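Data file: start04.cif. Format and content: mmCIF, C-alpha atoms and all ligand atoms.
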```cif
data_model
loop_
_atom_site.group_PDB
_atom_site.id
_atom_site.type_symbol
_atom_site.label_atom_id
_atom_site.label_comp_id
_atom_site.auth_asym_id
_atom_site.auth_seq_id
_atom_site.Cartn_x
_atom_site.Cartn_y
_atom_site.Cartn_z
ATOM 1 C CA MET A 1 0.000 0.000 0.000
ATOM 2 C CA LEU A 2 2.804 2.359 0.929
ATOM 3 C CA LEU A 3 4.629 1.419 -2.263
ATOM 4 C CA PHE A 4 1.489 2.130 -4.237
ATOM 5 C CA LEU A 5 1.205 5.556 -2.676
ATOM 6 C CA LEU A 6 4.861 6.331 -3.360
ATOM 7 C CA LEU A 7 4.554 5.264 -6.988
ATOM 8 C CA GLY A 8 1.366 7.268 -7.249
ATOM 9 C CA CYS A 9 3.321 10.376 -6.339
ATOM 10 C CA ALA A 10 6.068 9.777 -8.905
ATOM 11 C CA PRO A 11 6.717 12.643 -11.287
ATOM 12 C CA VAL A 12 5.916 12.488 -15.006
ATOM 13 C CA ASP A 13 7.036 9.196 -16.606
ATOM 14 C CA PRO A 14 10.260 9.462 -18.609
ATOM 15 C CA PRO A 15 10.300 8.194 -22.219
ATOM 16 C CA PRO A 16 10.396 4.352 -22.545
ATOM 17 C CA ALA A 17 14.104 3.950 -23.450
ATOM 18 C CA VAL A 18 15.167 5.957 -20.429
ATOM 19 C CA ALA A 19 12.699 4.137 -18.190
ATOM 20 C CA THR A 20 14.146 0.743 -19.191
ATOM 21 C CA ARG A 21 17.688 1.887 -18.638
ATOM 22 C CA SER A 22 17.015 3.495 -15.305
ATOM 23 C CA ALA A 23 15.040 0.447 -14.121
ATOM 24 C CA THR A 24 18.085 -1.709 -14.873
ATOM 25 C CA CYS A 25 20.430 0.763 -13.282
ATOM 26 C CA VAL A 26 18.398 1.234 -10.128
ATOM 27 C CA SER A 27 18.324 -2.481 -9.294
ATOM 28 C CA ALA A 28 21.834 -3.317 -10.575
ATOM 29 C CA PRO A 29 24.968 -3.400 -8.442
ATOM 30 C CA ALA A 30 26.675 0.012 -8.247
ATOM 31 C CA VAL A 31 29.404 -0.672 -10.798
ATOM 32 C CA THR A 32 31.692 2.228 -11.672
ATOM 33 C CA TRP A 33 34.940 2.765 -13.528
ATOM 34 C CA GLU A 34 36.709 3.304 -10.194
ATOM 35 C CA ASN A 35 35.341 0.370 -8.232
ATOM 36 C CA TRP A 36 35.386 -2.247 -10.994
ATOM 37 C CA GLY A 37 35.838 -1.116 -14.602
ATOM 38 C CA HIS A 38 39.441 0.022 -14.371
ATOM 39 C CA GLY A 39 40.529 -3.291 -12.868
ATOM 40 C CA PHE A 40 38.493 -5.283 -15.367
ATOM 41 C CA PHE A 41 40.061 -3.614 -18.427
ATOM 42 C CA LEU A 42 43.511 -3.818 -16.856
ATOM 43 C CA THR A 43 43.111 -7.556 -16.312
ATOM 44 C CA TRP A 44 41.427 -8.558 -19.556
ATOM 45 C CA CYS A 45 42.302 -5.973 -22.197
ATOM 46 C CA ALA A 46 45.344 -3.854 -21.324
ATOM 47 C CA SER A 47 47.931 -6.435 -22.387
ATOM 48 C CA CYS A 48 46.973 -5.430 -25.953
ATOM 49 C CA HIS A 49 44.855 -2.266 -25.564
ATOM 50 C CA ALA A 50 47.095 0.164 -23.656
ATOM 51 C CA ALA A 51 49.489 2.848 -24.844
ATOM 52 C CA SER A 52 52.194 1.436 -22.574
ATOM 53 C CA THR A 53 51.929 -2.233 -23.505
ATOM 54 C CA PRO A 54 55.156 -3.633 -24.937
ATOM 55 C CA ASP A 55 53.299 -5.682 -27.563
ATOM 56 C CA ARG A 56 49.828 -4.736 -28.812
ATOM 57 C CA ARG A 57 49.583 -8.071 -30.629
ATOM 58 C CA GLY A 58 47.719 -6.421 -33.465
ATOM 59 C CA ALA A 59 45.287 -4.317 -31.432
ATOM 60 C CA PRO A 60 44.683 -1.097 -33.406
ATOM 61 C CA GLU A 61 46.674 1.968 -32.370
ATOM 62 C CA GLY A 62 44.582 4.258 -30.188
ATOM 63 C CA VAL A 63 42.004 1.637 -29.208
ATOM 64 C CA ASP A 64 42.973 1.757 -25.547
ATOM 65 C CA PHE A 65 40.863 1.243 -22.418
ATOM 66 C CA GLU A 66 42.815 3.028 -19.720
ATOM 67 C CA THR A 67 40.541 5.855 -18.604
ATOM 68 C CA GLU A 68 36.872 6.526 -18.085
ATOM 69 C CA ALA A 69 37.009 8.749 -21.184
ATOM 70 C CA ASP A 70 38.279 5.766 -23.205
ATOM 71 C CA LEU A 71 35.360 3.741 -21.900
ATOM 72 C CA ALA A 72 32.884 6.396 -23.021
ATOM 73 C CA ARG A 73 34.554 6.711 -26.422
ATOM 74 C CA TRP A 74 34.651 2.972 -27.151
ATOM 75 C CA SER A 75 31.541 1.907 -25.270
ATOM 76 C CA ASP A 76 29.566 0.772 -28.340
ATOM 77 C CA ARG A 77 32.466 -1.232 -29.788
ATOM 78 C CA ILE A 78 33.288 -2.779 -26.408
ATOM 79 C CA ARG A 79 29.676 -3.892 -26.120
ATOM 80 C CA ALA A 80 29.670 -5.277 -29.662
ATOM 81 C CA ARG A 81 32.889 -7.263 -29.378
ATOM 82 C CA THR A 82 32.572 -8.435 -25.777
ATOM 83 C CA LEU A 83 28.872 -8.843 -24.999
ATOM 84 C CA ASP A 84 27.278 -9.352 -28.426
ATOM 85 C CA GLU A 85 29.865 -11.131 -30.579
ATOM 86 C CA HIS A 86 32.065 -12.620 -27.829
ATOM 87 C CA THR A 87 35.158 -11.964 -29.978
ATOM 88 C CA MET A 88 37.083 -9.957 -27.337
ATOM 89 C CA PRO A 89 39.219 -10.553 -25.420
ATOM 90 C CA VAL A 90 41.105 -12.673 -27.964
ATOM 91 C CA GLY A 91 40.888 -16.234 -26.673
ATOM 92 C CA GLY A 92 37.796 -15.517 -24.572
ATOM 93 C CA GLY A 93 37.730 -16.589 -20.931
ATOM 94 C CA LEU A 94 35.493 -13.928 -19.392
ATOM 95 C CA TYR A 95 33.394 -15.118 -16.457
ATOM 96 C CA ASP A 96 29.625 -14.787 -16.684
ATOM 97 C CA ALA A 97 29.696 -12.624 -13.561
ATOM 98 C CA ASP A 98 32.085 -10.194 -15.251
ATOM 99 C CA LEU A 99 29.949 -10.095 -18.394
ATOM 100 C CA ALA A 100 26.969 -9.170 -16.247
ATOM 101 C CA LEU A 101 28.895 -6.389 -14.494
ATOM 102 C CA LEU A 102 30.238 -5.102 -17.820
ATOM 103 C CA GLU A 103 26.681 -4.926 -19.120
ATOM 104 C CA VAL A 104 25.763 -2.767 -16.128
ATOM 105 C CA LEU A 105 28.828 -0.556 -16.533
ATOM 106 C CA LEU A 106 28.169 0.047 -20.227
ATOM 107 C CA THR A 107 24.464 0.638 -19.699
ATOM 108 C CA CYS A 108 24.535 2.791 -16.595
ATOM 109 C CA SER A 109 27.758 4.776 -16.614
ATOM 110 C CA ARG A 110 26.822 7.254 -19.287
HETATM 111 C C1 LIG B 201 45.633 -10.670 -26.925
HETATM 112 C C2 LIG B 201 45.392 -9.302 -27.382
HETATM 113 C C3 LIG B 201 44.029 -8.693 -27.142
HETATM 114 C C4 LIG B 201 43.307 -8.627 -25.968
HETATM 115 C C5 LIG B 201 43.681 -9.191 -24.598
HETATM 116 C C6 LIG B 201 42.118 -7.882 -26.267
HETATM 117 N N1 LIG B 201 42.102 -7.494 -27.579
HETATM 118 FE FE1 LIG B 201 40.728 -6.306 -28.517
HETATM 119 N N2 LIG B 201 41.801 -6.372 -30.241
HETATM 120 C C7 LIG B 201 42.921 -7.179 -30.452
HETATM 121 C C8 LIG B 201 43.251 -7.179 -31.872
HETATM 122 C C9 LIG B 201 44.377 -7.969 -32.509
HETATM 123 C C10 LIG B 201 42.317 -6.328 -32.515
HETATM 124 C C11 LIG B 201 42.214 -6.001 -34.039
HETATM 125 C C12 LIG B 201 41.552 -7.154 -34.773
HETATM 126 C C13 LIG B 201 40.075 -7.280 -34.496
HETATM 127 O O1 LIG B 201 39.357 -6.275 -34.516
HETATM 128 O O2 LIG B 201 39.648 -8.416 -34.251
HETATM 129 C C14 LIG B 201 41.442 -5.814 -31.449
HETATM 130 C C15 LIG B 201 40.419 -4.920 -31.665
HETATM 131 C C16 LIG B 201 39.521 -4.511 -30.677
HETATM 132 C C17 LIG B 201 38.553 -3.474 -30.862
HETATM 133 C C18 LIG B 201 38.425 -2.548 -32.086
HETATM 134 C C19 LIG B 201 37.787 -3.201 -33.241
HETATM 135 C C20 LIG B 201 36.303 -3.017 -33.253
HETATM 136 O O3 LIG B 201 35.594 -4.027 -33.448
HETATM 137 O O4 LIG B 201 35.808 -1.909 -33.046
HETATM 138 C C21 LIG B 201 37.831 -3.407 -29.697
HETATM 139 C C22 LIG B 201 36.690 -2.458 -29.393
HETATM 140 C C23 LIG B 201 38.378 -4.401 -28.799
HETATM 141 N N3 LIG B 201 39.412 -5.044 -29.427
HETATM 142 C C24 LIG B 201 37.899 -4.642 -27.518
HETATM 143 C C25 LIG B 201 38.564 -5.442 -26.573
HETATM 144 C C26 LIG B 201 38.150 -5.575 -25.202
HETATM 145 C C27 LIG B 201 36.957 -4.870 -24.586
HETATM 146 C C28 LIG B 201 39.059 -6.398 -24.595
HETATM 147 C C29 LIG B 201 39.038 -6.889 -23.164
HETATM 148 C C30 LIG B 201 37.763 -7.395 -22.636
HETATM 149 C C31 LIG B 201 40.026 -6.779 -25.585
HETATM 150 N N4 LIG B 201 39.691 -6.182 -26.771
HETATM 151 C C32 LIG B 201 41.117 -7.597 -25.330
HETATM 152 C C33 LIG B 201 43.633 -7.843 -29.478
HETATM 153 C C34 LIG B 201 43.246 -7.987 -28.150
#
```

Starting from the coordinates I provided, produce the structure as structure tokens.
Ligand code: HEC
Amino acid sequence: MLLFLLLGCAPVDPPPAVATRSATCVSAPAVTWENWGHGFFLTWCASCHAASTPDRRGAPEGVDFETEADLARWSDRIRARTLDEHTMPVGGGLYDADLALLEVLLTCSR
């Protein structure tokens, strides 16, 4: 009953796309670049995708995931290669739990 009253007082509904995203992001774990993303990309991607790596092993110049700005810039391609196509990292190996957290990071951090 209380919940009903609270929902009844909610402000104007946002457009559907935003509503879906915010529903996901409200109930999801609070994943951020600082508390998870940085470590994830360091562990799984930086051996090839970092300016300082000694051997990029063919990873394109400039496709680096070392800062939150990099994440924002490459977000769509990271999603495509990692979550949709499962073609990155080379050789695979990501845990389902990490895929789930990456989904949250990509969906909610922008
Ligand atoms: C062992 C080296 C290696 C690792 C580790 C690696 N990559 Fe790559 N990556 C490559 C190579 C080589 C290419 C260029 C060939 C290609 O696109 O398949 C590439 C290209 C990319 C591109 C640009 C091409 C495009 O489709 O837009 C993205 C984005 C990418 N990788 C994401 C990732 C992410 C995210 C990770 C970590 C979860 C990762 N990669 C880990 C080697 C690597």

Problem - For Trp33 (chain A): contacts at 10 Å, all atoms listed in the file, fewer than 6 positions along chain excluded, given as a VMD selection string - result: chain A and resid 39 to 41 67 to 69 71 105 to 106 109

Exercise for the section: Run the PyMOL selection byres (((chain A and resi 78) around 12) and not hetatm) against the file shown and list the residues it catches, as a PyMOL selection string. Expected result: chain A and resi 41+45+49+63-65+70-77+79-89+99+102-103+105-107

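We find CA of Leu94 (chain A) and atom C2 of ligand LIG 201 (chain B) to be spaced 13.5 Å apart.
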
Please write out, as lines of an AutoDock Vina configuration file, where the centre of an axis-aligned box around all listed atoms of region 20-30 of chain A lies and how long its edges are, in Å to one decimal, after adding 6 Å on each side.
```
center_x = 20.4
center_y = 0.0
center_z = -13.7
size_x = 24.5
size_y = 18.9
size_z = 22.9
```

Problem - Å distance separating atom C29 of ligand LIG 201 (chain B) from CA of Ala23 (chain A), one decimal place - result: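 Pair atom C29 of ligand LIG 201 (chain B) / CA of Ala23 (chain A) returns 26.7 Å.
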
Handout entry: Protein and nucleic acid residues near (50.3, -5.9, -26.3) (cut-off 12 Å, all atoms listed in the file) as a ChimeraX atom specification
Key = /A:42,44-61,63-64,90

Exercise for the section: Would you mind reading off the distance between CA of Gly93 (chain A) and atom C34 of ligand LIG 201 (chain B), one decimal, in Å? Expected result: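 That distance, rounded to one decimal, is 12.5 Å.
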
Handout entry: Counting all atoms listed in the file, the option among A:Thr43, A:Arg21, A:Cys108, A:Val26 closest to ligand LIG 201 (chain B)
Key =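 Of the candidates, the smallest distance to ligand LIG 201 (chain B) is held by A:Thr43.
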
Problem - Minimum-distance residue to ligand LIG 201 (chain B), chosen among A:Ser27, A:Ser22, A:Trp36, A:Gly62 (using only C-alpha atoms and all ligand atoms) - result: A:Gly62

Exercise for the section: Extract, using all atoms listed in the file, all DNA, RNA and protein residues at most 10 Å from Pro29 (chain A), discarding same-chain residues fewer than 2 positions from it, and format them as a list of chain:residue names. Expected result: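 Near neighbours after the sequence-gap exclusion: A:Thr24, A:Cys25, A:Val26, A:Ser27, A:Val31, A:Thr32, A:Ala100, A:Leu101, A:Val104, A:Leu105.
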
Exercise for the section: Return the single residue from A:Ala28, A:Glu34, A:Gly92, A:Ala97 that is closest to ligand LIG 201 (chain B), with distances computed using only C-alpha atoms and all ligand atoms. Expected result: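 Of the candidates, the smallest distance to ligand LIG 201 (chain B) is held by A:Gly92.
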